[in-house]
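Peer 1: Handing over entry.txt, compact mmCIF, C-alpha atoms.
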# COMPACT_ATOMS: atom_id res chain seq x y z
CA MET A 8 -9.55 27.78 34.36
CA ASN A 9 -12.95 26.95 33.03
CA LEU A 10 -12.39 25.80 29.48
CA ASN A 11 -15.10 24.55 27.21
CA LEU A 12 -13.11 21.47 26.27
CA LYS A 13 -15.79 20.04 24.03
CA SER A 14 -15.85 23.17 21.89
CA ILE A 15 -12.05 23.47 21.71
CA ILE A 16 -11.59 19.86 20.65
CA GLU A 17 -14.35 20.24 18.07
CA SER A 18 -12.43 23.14 16.48
CA LEU A 19 -9.15 21.23 16.56
CA ILE A 20 -10.60 18.19 14.82
CA PHE A 21 -12.42 20.42 12.34
CA ILE A 22 -9.23 22.17 11.26
CA SER A 23 -7.10 19.00 11.02
CA ARG A 24 -6.45 17.51 7.63
CA GLU A 25 -5.14 14.31 9.13
CA PRO A 26 -6.69 12.26 11.92
CA LEU A 27 -6.00 14.17 15.15
CA THR A 28 -4.51 11.86 17.75
CA PHE A 29 -5.35 11.87 21.43
CA GLU A 30 -1.70 12.63 22.24
CA LYS A 31 -1.79 15.66 19.99
CA ILE A 32 -4.96 17.00 21.61
CA LYS A 33 -3.39 16.36 24.99
CA SER A 34 -0.20 18.21 24.12
CA ILE A 35 -2.17 21.23 22.90
CA LEU A 36 -4.40 21.38 25.95
CA ASN A 37 -1.50 20.79 28.28
CA GLU A 38 -2.14 19.97 31.92
CA ILE A 39 -5.71 18.89 31.37
CA PRO A 40 -6.21 15.41 32.85
CA ASP A 41 -6.68 12.59 30.34
CA LYS A 42 -9.99 11.69 31.88
CA GLU A 43 -11.50 15.13 31.14
CA ILE A 44 -10.30 15.05 27.54
CA GLU A 45 -11.67 11.56 27.09
CA THR A 46 -15.06 12.61 28.43
CA ALA A 47 -15.14 15.68 26.19
CA ILE A 48 -14.28 13.59 23.12
CA SER A 49 -16.91 10.96 23.79
CA GLU A 50 -19.54 13.65 24.41
CA LEU A 51 -18.55 15.29 21.16
CA ILE A 52 -18.85 12.00 19.29
CA ARG A 53 -22.28 11.50 20.84
CA THR A 54 -23.42 14.97 19.73
CA TYR A 55 -22.36 14.24 16.19
CA SER A 56 -23.98 10.82 16.06
CA SER A 57 -27.36 12.50 16.16
CA GLN A 58 -29.69 11.65 13.30
CA ASP A 59 -29.87 15.15 11.82
CA LYS A 60 -26.12 15.79 11.58
CA GLY A 61 -24.51 15.54 8.16
CA ILE A 62 -21.04 14.94 9.53
CA LYS A 63 -19.70 12.49 12.07
CA ILE A 64 -16.53 12.12 14.07
CA THR A 65 -14.75 8.88 13.35
CA LYS A 66 -11.67 7.27 14.88
CA THR A 67 -9.39 6.21 12.07
CA GLY A 68 -5.65 5.85 11.51
CA GLY A 69 -5.09 6.42 15.23
CA GLY A 70 -6.91 9.77 15.45
CA TYR A 71 -10.21 11.63 15.21
CA LEU A 72 -11.56 12.97 11.95
CA PHE A 73 -14.71 14.59 10.61
CA ILE A 74 -16.34 12.64 7.79
CA THR A 75 -19.63 13.00 6.00
CA LYS A 76 -22.50 10.64 6.53
CA THR A 77 -22.70 7.67 4.16
CA GLU A 78 -26.27 8.51 3.15
CA ASN A 79 -25.23 11.87 1.76
CA ASP A 80 -22.71 10.40 -0.64
CA LYS A 81 -24.68 11.04 -3.81
CA TRP A 82 -25.24 14.72 -3.00
CA ILE A 83 -21.57 15.28 -2.32
CA LYS A 84 -20.68 13.65 -5.61
CA ARG A 85 -23.05 16.06 -7.32
CA LEU A 86 -21.35 19.00 -5.66
CA LEU A 87 -17.89 17.78 -6.59
CA ASN A 88 -18.97 16.70 -10.03
CA LEU A 89 -17.61 13.22 -9.52
CA GLU A 90 -19.04 9.95 -10.73
CA LYS A 91 -17.32 7.72 -8.23
CA LYS A 92 -13.95 7.16 -6.70
CA SER A 93 -11.95 4.41 -8.35
CA LYS A 94 -11.52 1.14 -6.52
CA LEU A 95 -8.25 -0.69 -6.12
CA SER A 96 -7.63 -3.36 -8.76
CA PRO A 97 -7.96 -6.97 -7.55
CA ALA A 98 -4.19 -7.44 -7.85
CA ALA A 99 -3.49 -4.27 -5.89
CA LEU A 100 -5.96 -5.18 -3.14
CA GLU A 101 -4.50 -8.67 -2.84
CA THR A 102 -0.96 -7.31 -2.66
CA LEU A 103 -2.00 -4.74 -0.09
CA SER A 104 -3.70 -7.33 2.06
CA THR A 105 -0.65 -9.62 1.80
CA VAL A 106 1.59 -6.83 3.06
CA ALA A 107 -0.89 -5.86 5.78
CA TYR A 108 -0.90 -9.36 7.28
CA HIS A 109 2.74 -10.28 6.75
CA GLN A 110 4.61 -7.01 7.22
CA PRO A 111 7.50 -6.27 7.28
CA ILE A 112 7.80 -8.15 4.00
CA THR A 113 9.91 -8.16 0.84
CA GLN A 114 8.77 -8.20 -2.78
CA ALA A 115 9.89 -11.83 -3.23
CA GLU A 116 7.93 -12.92 -0.16
CA ILE A 117 4.80 -11.16 -1.39
CA SER A 118 5.10 -12.76 -4.83
CA SER A 119 5.59 -16.16 -3.26
CA LEU A 120 2.54 -15.80 -1.00
CA ARG A 121 0.39 -14.70 -3.93
CA GLY A 122 1.95 -17.12 -6.40
CA VAL A 123 2.35 -14.31 -8.93
CA ASP A 124 4.82 -11.55 -9.59
CA SER A 125 3.74 -8.47 -7.65
CA THR A 126 6.20 -5.83 -8.83
CA HIS A 127 3.65 -3.82 -10.76
CA ALA A 128 1.02 -3.83 -8.02
CA LEU A 129 3.67 -2.75 -5.50
CA LYS A 130 4.60 0.22 -7.64
CA THR A 131 0.98 1.32 -7.89
CA LEU A 132 0.51 1.03 -4.14
CA LEU A 133 3.68 3.02 -3.42
CA LYS A 134 2.48 5.76 -5.75
CA LYS A 135 -0.86 5.81 -3.97
CA ARG A 136 1.06 6.00 -0.67
CA LEU A 137 -0.78 3.02 0.73
CA LEU A 138 2.55 1.25 1.16
CA LYS A 139 5.97 2.50 2.10
CA ILE A 140 9.52 1.21 1.98
CA THR A 141 10.99 1.10 5.44
CA GLY A 142 14.46 -0.25 4.78
CA ARG A 143 16.34 -3.26 3.53
CA LYS A 144 16.36 -6.79 4.85
CA LYS A 145 19.68 -8.11 6.08
CA SER A 146 19.67 -11.06 3.71
CA PRO A 147 21.34 -11.78 0.37
CA GLY A 148 20.60 -9.03 -2.15
CA ARG A 149 19.45 -6.73 0.67
CA PRO A 150 15.85 -6.60 -0.64
CA LEU A 151 13.57 -3.66 0.20
CA ILE A 152 11.11 -4.05 3.04
CA TYR A 153 7.50 -2.93 2.64
CA ARG A 154 4.95 -1.84 5.23
CA THR A 155 1.48 -0.33 5.12
CA THR A 156 1.07 3.38 5.81
CA ASN A 157 -1.31 5.38 7.96
CA LYS A 158 -3.08 6.29 4.75
CA PHE A 159 -3.80 2.60 4.30
CA LEU A 160 -5.62 2.56 7.65
CA ILE A 161 -7.62 5.66 6.76
CA TYR A 162 -8.42 4.26 3.32
CA PHE A 163 -10.22 1.28 4.87
CA GLY A 164 -11.49 3.21 7.88
CA LEU A 165 -9.35 1.21 10.31
CA ASP A 166 -8.14 2.76 13.55
CA SER A 167 -5.02 0.63 13.84
CA ILE A 168 -3.47 -2.41 12.21
CA LYS A 169 -5.13 -4.50 14.95
CA ASP A 170 -8.49 -3.73 13.32
CA LEU A 171 -7.67 -5.79 10.22
CA PRO A 172 -10.17 -8.61 9.72
CA SER A 173 -9.26 -11.16 12.40
CA ASN A 174 -8.74 -14.90 11.98
CA GLU A 175 -12.18 -15.45 13.53
CA GLU A 176 -13.84 -13.16 10.99
CA ILE A 177 -12.01 -14.95 8.18
CA GLU A 178 -13.04 -18.37 9.53
CA ILE A 179 -16.68 -17.29 9.65
CA ILE A 180 -16.65 -16.21 6.03
CA LEU A 181 -14.88 -19.39 4.95
CA GLY A 182 -17.47 -21.44 6.83
CA GLU A 183 -20.31 -19.53 5.17
CA GLU A 184 -18.82 -20.07 1.75
CA GLU A 185 -18.59 -23.81 2.34
CA ASN A 186 -22.21 -24.03 3.46
CA HIS A 187 -23.21 -22.06 0.45
CA GLU A 188 -22.05 -24.73 -1.94
CA MET B 18 -23.22 -28.80 -9.16
CA GLU B 19 -24.20 -29.04 -12.77
CA ALA B 20 -24.37 -25.29 -13.04
CA ILE B 21 -20.83 -24.84 -11.81
CA ASN B 22 -19.54 -27.42 -14.25
CA SER B 23 -21.19 -25.87 -17.21
CA TYR B 24 -19.98 -22.33 -16.99
CA GLN B 25 -16.68 -21.46 -18.48
CA VAL B 26 -14.11 -19.73 -16.36
CA LYS B 27 -11.16 -18.31 -18.18
CA LEU B 28 -7.63 -18.40 -16.89
CA GLU B 29 -7.51 -14.61 -17.03
CA SER B 30 -10.19 -14.32 -14.40
CA PHE B 31 -7.91 -15.81 -11.76
CA GLU B 32 -5.47 -13.70 -9.81
CA GLY B 33 -2.88 -16.47 -10.12
CA PRO B 34 -2.30 -20.21 -9.95
CA LEU B 35 -3.14 -20.42 -6.24
CA ASP B 36 -6.44 -18.71 -6.92
CA LEU B 37 -7.21 -21.30 -9.61
CA LEU B 38 -6.23 -24.17 -7.31
CA LEU B 39 -8.50 -22.92 -4.53
CA PHE B 40 -11.32 -22.57 -7.01
CA LEU B 41 -10.85 -26.16 -8.19
CA ILE B 42 -10.65 -27.50 -4.63
CA ARG B 43 -13.97 -25.80 -3.86
CA LYS B 44 -15.56 -26.85 -7.09
CA LYS B 45 -14.64 -30.50 -6.59
CA LYS B 46 -15.44 -30.24 -2.87
CA LEU B 47 -12.02 -31.50 -1.91
CA ASP B 48 -10.47 -31.32 1.53
CA ILE B 49 -7.74 -28.71 1.39
CA HIS B 50 -5.73 -30.61 4.02
CA ASP B 51 -5.86 -33.85 2.09
CA ILE B 52 -5.82 -32.99 -1.59
CA PRO B 53 -5.96 -35.90 -4.04
CA ILE B 54 -3.08 -34.73 -6.19
CA ALA B 55 -4.03 -36.78 -9.27
CA VAL B 56 -7.56 -35.31 -9.36
CA ILE B 57 -6.47 -31.74 -8.82
CA THR B 58 -3.65 -32.00 -11.36
CA ARG B 59 -6.00 -33.32 -14.00
CA GLU B 60 -8.48 -30.50 -13.34
CA TYR B 61 -5.73 -27.91 -13.24
CA LEU B 62 -4.21 -29.00 -16.54
CA LYS B 63 -7.65 -28.91 -18.16
CA TYR B 64 -7.69 -25.19 -17.54
CA LEU B 65 -4.23 -24.72 -18.98
CA GLU B 66 -5.13 -26.75 -22.05
CA LYS B 67 -8.10 -24.52 -22.73
CA LYS B 68 -5.67 -21.73 -23.47
CA GLU B 69 -4.42 -21.83 -27.02
CA HIS B 70 -1.05 -20.51 -26.07
CA ILE B 71 0.45 -19.54 -22.78
CA ASN B 72 1.76 -16.02 -22.51
CA LEU B 73 5.05 -16.67 -20.75
CA GLU B 74 5.29 -13.09 -19.57
CA HIS B 75 2.08 -13.29 -17.54
CA GLU B 76 1.21 -16.92 -17.17
CA ALA B 77 4.50 -18.62 -16.46
CA GLU B 78 3.44 -18.91 -12.82
CA PHE B 79 0.58 -21.20 -13.83
CA LEU B 80 3.10 -23.56 -15.41
CA LEU B 81 5.28 -23.43 -12.33
CA ILE B 82 2.45 -24.72 -10.15
CA ALA B 83 1.57 -27.35 -12.76
CA ALA B 84 5.15 -28.58 -12.57
CA LEU B 85 4.96 -28.54 -8.77
CA LEU B 86 1.78 -30.66 -8.79
CA ILE B 87 3.37 -33.23 -11.07
CA TYR B 88 6.50 -33.24 -8.94
CA ILE B 89 4.45 -33.87 -5.79
CA LYS B 90 2.62 -36.73 -7.49
CA SER B 91 5.92 -38.28 -8.54
CA GLN B 92 7.19 -37.99 -4.98
CA LEU B 93 4.11 -39.81 -3.75
CA LEU B 94 4.49 -42.57 -6.32
CA LEU B 95 8.19 -43.25 -6.09
CA PRO B 96 9.04 -46.25 -3.97
CA ARG B 97 11.56 -45.49 -1.23
CA GLU B 98 14.23 -47.92 -0.15
CA THR B 99 14.39 -46.52 3.33
CA VAL B 100 11.51 -44.69 4.76
CA PRO B 101 12.90 -41.88 6.86
CA GLU B 102 11.22 -41.43 10.19
CA GLU B 103 8.57 -38.76 10.39
CA GLU B 104 8.65 -38.30 6.66
CA LYS B 105 7.03 -35.09 5.62
CA ASP B 106 4.04 -35.26 3.34
CA PRO B 107 5.30 -33.78 0.03
CA ARG B 108 1.98 -31.94 -0.19
CA GLN B 109 2.48 -30.07 3.08
CA ASP B 110 4.24 -26.99 1.66
CA LEU B 111 1.60 -26.52 -1.00
CA VAL B 112 -1.20 -26.96 1.56
CA ASN B 113 0.38 -24.30 3.78
CA ARG B 114 0.70 -21.92 0.87
CA LEU B 115 -2.91 -22.51 -0.10
CA LEU B 116 -4.12 -21.92 3.45
CA ASP B 117 -2.12 -18.68 3.69
CA TYR B 118 -3.42 -17.58 0.35
CA GLN B 119 -7.00 -18.49 1.26
CA ASN B 120 -6.75 -16.26 4.35
CA ILE B 121 -5.43 -13.33 2.32
CA LYS B 122 -8.12 -13.82 -0.27
CA THR B 123 -10.87 -13.85 2.34
CA ALA B 124 -9.43 -10.80 4.09
CA CYS B 125 -9.55 -9.11 0.69
CA SER B 126 -13.28 -9.66 0.42
CA ILE B 127 -13.77 -8.06 3.85
CA LEU B 128 -11.47 -5.15 2.97
CA ARG B 129 -13.31 -4.68 -0.30
CA LYS B 130 -16.54 -4.12 1.65
CA LYS B 131 -14.78 -1.64 3.91
CA GLU B 132 -13.37 0.16 0.88
CA LYS B 133 -16.84 0.49 -0.59
CA ASP B 134 -18.17 1.76 2.70
CA GLN B 135 -15.35 4.29 3.08
CA MET B 136 -15.87 5.56 -0.43
CA GLN B 137 -19.25 6.88 0.56
CA LYS B 138 -17.76 8.90 3.38
CA TRP B 139 -15.98 12.10 2.50
CA GLN B 140 -13.27 13.88 4.28
CA ARG B 141 -12.50 17.53 3.81
CA SER B 142 -8.91 17.01 2.70
CA PHE B 143 -10.10 14.82 -0.15
CA LEU B 144 -11.77 17.81 -1.76
CA PRO B 145 -10.12 18.88 -4.98
CA PRO B 146 -8.15 22.07 -4.41
CA MET B 147 -10.27 25.11 -5.24
CA PRO B 148 -9.32 26.61 -8.58
CA ALA B 149 -7.89 30.13 -8.95
CA SER B 150 -6.08 31.55 -5.93
CA ASP B 151 -2.39 32.08 -6.32
CA GLU B 152 -1.61 29.66 -3.57
CA LEU B 153 -0.99 26.27 -5.11
CA GLU B 154 -1.66 22.92 -3.57
CA PHE B 155 1.46 20.83 -3.39
CA LEU B 156 2.12 17.22 -2.82
CA GLU B 157 5.12 16.58 -0.71
CA VAL B 158 7.25 14.02 -2.53
CA SER B 159 8.79 10.97 -0.92
CA LEU B 160 12.36 9.78 -0.98
CA PHE B 161 11.19 7.23 -3.48
CA ASP B 162 10.11 9.89 -6.00
CA LEU B 163 13.34 11.81 -5.56
CA ALA B 164 15.50 8.77 -6.03
CA GLU B 165 13.53 7.70 -9.09
CA VAL B 166 14.04 11.05 -10.81
CA PHE B 167 17.66 11.19 -9.75
CA PHE B 168 18.51 7.74 -11.07
CA SER B 169 16.78 8.29 -14.39
CA LEU B 170 18.83 11.43 -14.73
CA MET B 171 22.04 9.63 -13.86
CA LYS B 172 21.25 6.98 -16.45
CA LYS B 173 20.92 9.70 -19.04
CA LYS B 174 24.22 11.19 -17.96
CA GLU B 175 25.90 7.82 -18.19
CA ARG B 176 24.98 7.58 -21.82
CA GLU B 177 26.71 10.86 -22.52
CA ASN B 178 29.88 8.93 -21.92
CA VAL B 179 31.75 11.52 -19.95
CA LYS B 180 35.31 10.55 -19.23
CA LEU B 181 36.54 11.65 -15.87
CA ILE B 182 40.12 12.77 -16.20
CA LYS B 183 40.96 14.44 -12.99
CA GLY B 184 39.14 14.12 -9.76
CA LYS B 185 38.05 17.26 -7.99
CA GLU B 186 37.42 17.35 -4.29
CA TYR B 187 33.97 18.43 -3.21
CA SER B 188 32.99 19.07 0.34
CA SER B 189 29.50 18.38 1.54
CA LYS B 190 29.59 21.55 3.63
CA GLU B 191 30.32 23.76 0.62
CA LYS B 192 27.73 21.95 -1.44
CA THR B 193 25.07 22.38 1.26
CA GLU B 194 25.84 26.09 1.46
CA GLU B 195 25.69 26.37 -2.30
CA ILE B 196 22.23 24.77 -2.35
CA LEU B 197 20.99 27.02 0.46
CA GLY B 198 22.45 30.07 -1.28
CA LEU B 199 20.63 29.20 -4.49
CA LEU B 200 17.39 28.65 -2.62
CA LYS B 201 17.58 31.99 -0.81
CA LYS B 202 18.15 33.73 -4.10
CA ASN B 203 15.61 31.90 -6.25
CA ASP B 204 12.76 30.84 -3.96
CA PHE B 205 12.84 27.34 -5.36
CA LEU B 206 14.96 24.96 -7.37
CA ASP B 207 13.78 22.73 -10.15
CA PHE B 208 15.06 19.36 -9.03
CA LEU B 209 15.77 18.08 -12.54
CA ASP B 210 17.36 21.28 -13.81
CA PHE B 211 19.56 21.51 -10.79
CA PHE B 212 21.12 18.13 -11.42
CA ASN B 213 21.30 18.59 -15.13
CA LYS B 214 23.70 21.46 -14.55
CA HIS B 215 26.19 19.18 -12.86
CA GLN B 216 28.92 18.08 -15.16
CA TYR B 217 30.24 15.16 -13.19
CA ILE B 218 28.42 12.27 -11.67
CA ASP B 219 30.31 12.38 -8.40
CA GLU B 220 29.40 16.00 -7.89
CA ALA B 221 25.78 15.26 -8.69
CA MET B 222 25.80 12.37 -6.23
CA LEU B 223 27.16 14.62 -3.52
CA SER B 224 24.51 17.25 -4.26
CA PHE B 225 21.84 14.61 -4.04
CA PHE B 226 23.04 13.45 -0.63
CA CYS B 227 23.27 17.04 0.61
CA LEU B 228 19.74 17.62 -0.60
CA LEU B 229 18.47 14.51 1.18
CA ASP B 230 20.25 15.60 4.32
CA LEU B 231 18.63 19.04 4.16
CA ILE B 232 15.21 17.44 3.69
CA LYS B 233 15.83 15.11 6.59
CA ASN B 234 16.79 18.02 8.82
CA ARG B 235 13.59 19.77 7.72
CA ILE B 236 15.46 22.77 6.35
CA ILE B 237 14.12 22.34 2.84
CA PHE B 238 11.27 20.34 1.36
CA ALA B 239 10.50 18.81 -2.01
CA VAL B 240 7.05 19.11 -3.55
CA GLN B 241 5.23 18.67 -6.82
CA ASP B 242 2.07 20.35 -8.12
CA THR B 243 0.47 17.09 -9.08
CA LEU B 244 1.62 13.52 -9.29
CA PHE B 245 4.30 12.92 -11.93
CA SER B 246 4.90 16.61 -12.48
CA LYS B 247 8.12 18.54 -11.91
CA ILE B 248 9.65 18.27 -8.49
CA LYS B 249 10.51 21.58 -6.88
CA VAL B 250 12.67 22.16 -3.84
CA TRP B 251 11.71 24.91 -1.41
CA LEU B 252 13.26 26.41 1.65
CA ARG B 253 11.08 25.86 4.72
CA LYS B 254 9.74 29.21 5.84
CA GLU B 255 10.33 28.66 9.52
CA SER B 256 14.01 27.86 8.91
CA ALA B 257 14.49 30.79 6.55
CA ALA B 258 13.45 33.21 9.23
Output the structure of this file as structure tokens.
Peer 2:
Amino acid sequence: MNLNLKSIIESLIFISREPLTFEKIKSILNEIPDKEIETAISELIRTYSSQDKGIKITKTGGGYLFITKTENDKWIKRLLNLEKKSKLSPAALETLSTVAYHQPITQAEISSLRGVDSTHALKTLLKKRLLKITGRKKSPGRPLIYRTTNKFLIYFGLDSIKDLPSNEEIEIILGEEENHE
Amino acid sequence: MEAINSYQVKLESFEGPLDLLLFLIRKKKLDIHDIPIAVITREYLKYLEKKEHINLEHEAEFLLIAALLIYIKSQLLLPRETVPEEEKDPRQDLVNRLLDYQNIKTACSILRKKEKDQMQKWQRSFLPPMPASDELEFLEVSLFDLAEVFFSLMKKKERENVKLIKGKEYSSKEKTEEILGLLKKNDFLDFLDFFNKHQYIDEAMLSFFCLLDLIKNRIIFAVQDTLFSKIKVWLRKESAA
């Protein structure tokens, strides 16, 4: 069999609405060695990183996805007739980041870490599907347990939860802020 | 330093009491691991006093931390008859909370940058569904949405004050078949309508569980046209065949 892997994978990623995982690609192309798929993917990514391409392949939420180039943002907005996408509110972002670092976590634990009641922010984030309820904690009152979703990863362009800002990154920023004053 | 002192920062601009405390620690250049409680309490209360009245609904948490600061100070002042070995610094819990919060806050600033960056990149599925075309775009609803609608409906039913006189036995198998039968006949069910037709709460509960079971087994699925609109239940094509 002489398949043009690069071209097949390109079509698969193109047609996917969600990030296409390596496992998925593998299961579709069955019996092709991992190594060959890996090579094809990295060649594909290289092709798309060329200066004159308007779209790129990115690894986010555990899979591959086509996205437009940052520089073309304003033209796309013109096409879609959109001013800008709305940002998360400070309370929502703080709640989201609390969950991201301390998951699995309950509402009471989030509120205690933030020092403020977080019920409203949690509701917003559930509606936006950036958080999900994954069960109940085996403690008095059996409170609900929250976790971040794959959509959360995609929203911030993270490949996995390991790509959250690390302690080192946080330390650097804290150090900078101190020097600033 | 003068500049920082002179500008007014309102209580509303802080995410919460911990945010305010961190701000004050920075402003006064205090060591977070060794906070002079008297200084920080004085500064903190200054901010609370600036407010004409505290909105208990939203600002009670600020008072809670004020009380905690005063409590810690009292702990530090009180003479002890016996000094327990390895006595814990009464400030330790607060310091730990502040450090945790400081990390979250800093991570937020990094995530905010990533959010901004991501917003300039577009993905095909984010495109608004093309108008016209008889094929509608649906959002698949989560268990959370279903339960929310179901419970609001049950609350309404409760108010109708139905008295249950005799219990009727319902079987989940019959109920499941009834739902499937309806779906085959009507294409889709309106989630709310379907439950409204039930006279008794126990029957409605059973229907709800059957429905969840069918969704779990991927025989049917629940969708809505847009957020907050009517939830419709459809038979999955592949299972209908």
Peer 1: Tell me which protein, DNA and RNA residues are within 12 Å of segment 50-52 of chain B, counting all atoms listed in the file, leaving out same-chain ones fewer than 5 positions away, and put them as a list in words.
Peer 2: Leu38, Leu39, Leu41, Ile42, Arg43, Lys45, Ile57, Thr58, Leu86, Ile89, Lys90, Asp106, Pro107, Arg108, Gln109, Asp110, Leu111, Val112, Asn113, Arg114, Leu115 and Leu116 of chain B
Peer 1: To one decimal in Å, tell me the separation between atom CA of Lys172 of chain B and atom CA of Leu199 of chain B.
Peer 2: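 Atom-to-atom, atom CA of Lys172 of chain B to atom CA of Leu199 of chain B, that is 25.2 Å.
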Peer 1: Give the residues of chain B that lie within 7 Å of chain A; count all atoms listed in the file, and format the answer as a PyMOL selection string.
Peer 2: chain B and resi 32-35+78+114+118+120-125+127-128+131-132+135-140+142
Peer 1: Neighbouring residues of Arg253 of chain B were defined as those with any atom within 12 Å, considering all atoms listed in the file; residues of the same chain fewer than 3 positions away were excluded. Please report them as number ranges by chain.
Peer 2: B: 197, 200-201, 204-205, 231-240, 250, 256-258
Peer 1: One number please: atom CA of Ser56 of chain A to atom CA of Ser126 of chain B, in Å, one decimal.
Peer 2: 27.9 Å
Peer 1: Just the residues within 8 Å of segment 26-40 of chain A, please, counting all atoms listed in the file, with nothing from its chain fewer than 5 positions along; format it as a list in words.
Peer 2: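 My list of contacting residues is Ile16, Leu19, Ile20, Lys66, Thr67, Gly68, Gly69, Gly70, Tyr71 and Leu72 of chain A.
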Peer 1: Rebuild N, CA and C atoms on segment 196-209 of chain B, as a PDB file, keeping the file's coordinate frame?
Peer 2:
ATOM      1  N   ILE B 196      23.656  25.029  -2.133  1.00  0.00           N
ATOM      2  CA  ILE B 196      22.230  24.770  -2.350  1.00  0.00           C
ATOM      3  C   ILE B 196      21.382  25.804  -1.605  1.00  0.00           C
ATOM      4  N   LEU B 197      21.747  26.061  -0.343  1.00  0.00           N
ATOM      5  CA  LEU B 197      20.990  27.020   0.460  1.00  0.00           C
ATOM      6  C   LEU B 197      21.058  28.414  -0.150  1.00  0.00           C
ATOM      7  N   GLY B 198      22.252  28.761  -0.642  1.00  0.00           N
ATOM      8  CA  GLY B 198      22.450  30.070  -1.280  1.00  0.00           C
ATOM      9  C   GLY B 198      21.519  30.228  -2.468  1.00  0.00           C
ATOM     10  N   LEU B 199      21.495  29.178  -3.310  1.00  0.00           N
ATOM     11  CA  LEU B 199      20.630  29.200  -4.490  1.00  0.00           C
ATOM     12  C   LEU B 199      19.163  29.343  -4.103  1.00  0.00           C
ATOM     13  N   LEU B 200      18.780  28.636  -3.045  1.00  0.00           N
ATOM     14  CA  LEU B 200      17.390  28.650  -2.620  1.00  0.00           C
ATOM     15  C   LEU B 200      16.978  30.021  -2.091  1.00  0.00           C
ATOM     16  N   LYS B 201      17.906  30.671  -1.357  1.00  0.00           N
ATOM     17  CA  LYS B 201      17.580  31.990  -0.810  1.00  0.00           C
ATOM     18  C   LYS B 201      17.411  33.005  -1.932  1.00  0.00           C
ATOM     19  N   LYS B 202      18.204  32.792  -2.988  1.00  0.00           N
ATOM     20  CA  LYS B 202      18.150  33.730  -4.100  1.00  0.00           C
ATOM     21  C   LYS B 202      16.923  33.493  -4.990  1.00  0.00           C
ATOM     22  N   ASN B 203      16.611  32.218  -5.225  1.00  0.00           N
ATOM     23  CA  ASN B 203      15.610  31.900  -6.250  1.00  0.00           C
ATOM     24  C   ASN B 203      14.263  31.379  -5.751  1.00  0.00           C
ATOM     25  N   ASP B 204      14.004  31.410  -4.475  1.00  0.00           N
ATOM     26  CA  ASP B 204      12.760  30.840  -3.960  1.00  0.00           C
ATOM     27  C   ASP B 204      12.728  29.326  -4.037  1.00  0.00           C
ATOM     28  N   PHE B 205      12.855  28.796  -5.255  1.00  0.00           N
ATOM     29  CA  PHE B 205      12.840  27.340  -5.360  1.00  0.00           C
ATOM     30  C   PHE B 205      13.786  26.844  -6.447  1.00  0.00           C
ATOM     31  N   LEU B 206      14.115  25.576  -6.353  1.00  0.00           N
ATOM     32  CA  LEU B 206      14.960  24.960  -7.370  1.00  0.00           C
ATOM     33  C   LEU B 206      14.149  23.914  -8.110  1.00  0.00           C
ATOM     34  N   ASP B 207      14.366  23.832  -9.403  1.00  0.00           N
ATOM     35  CA  ASP B 207      13.780  22.730 -10.150  1.00  0.00           C
ATOM     36  C   ASP B 207      14.742  21.559  -9.999  1.00  0.00           C
ATOM     37  N   PHE B 208      14.233  20.511  -9.369  1.00  0.00           N
ATOM     38  CA  PHE B 208      15.060  19.360  -9.030  1.00  0.00           C
ATOM     39  C   PHE B 208      15.852  18.818 -10.225  1.00  0.00           C
ATOM     40  N   LEU B 209      15.144  18.662 -11.362  1.00  0.00           N
ATOM     41  CA  LEU B 209      15.770  18.080 -12.540  1.00  0.00           C
ATOM     42  C   LEU B 209      16.822  19.023 -13.131  1.00  0.00           C
TER      43      LEU B 209
END
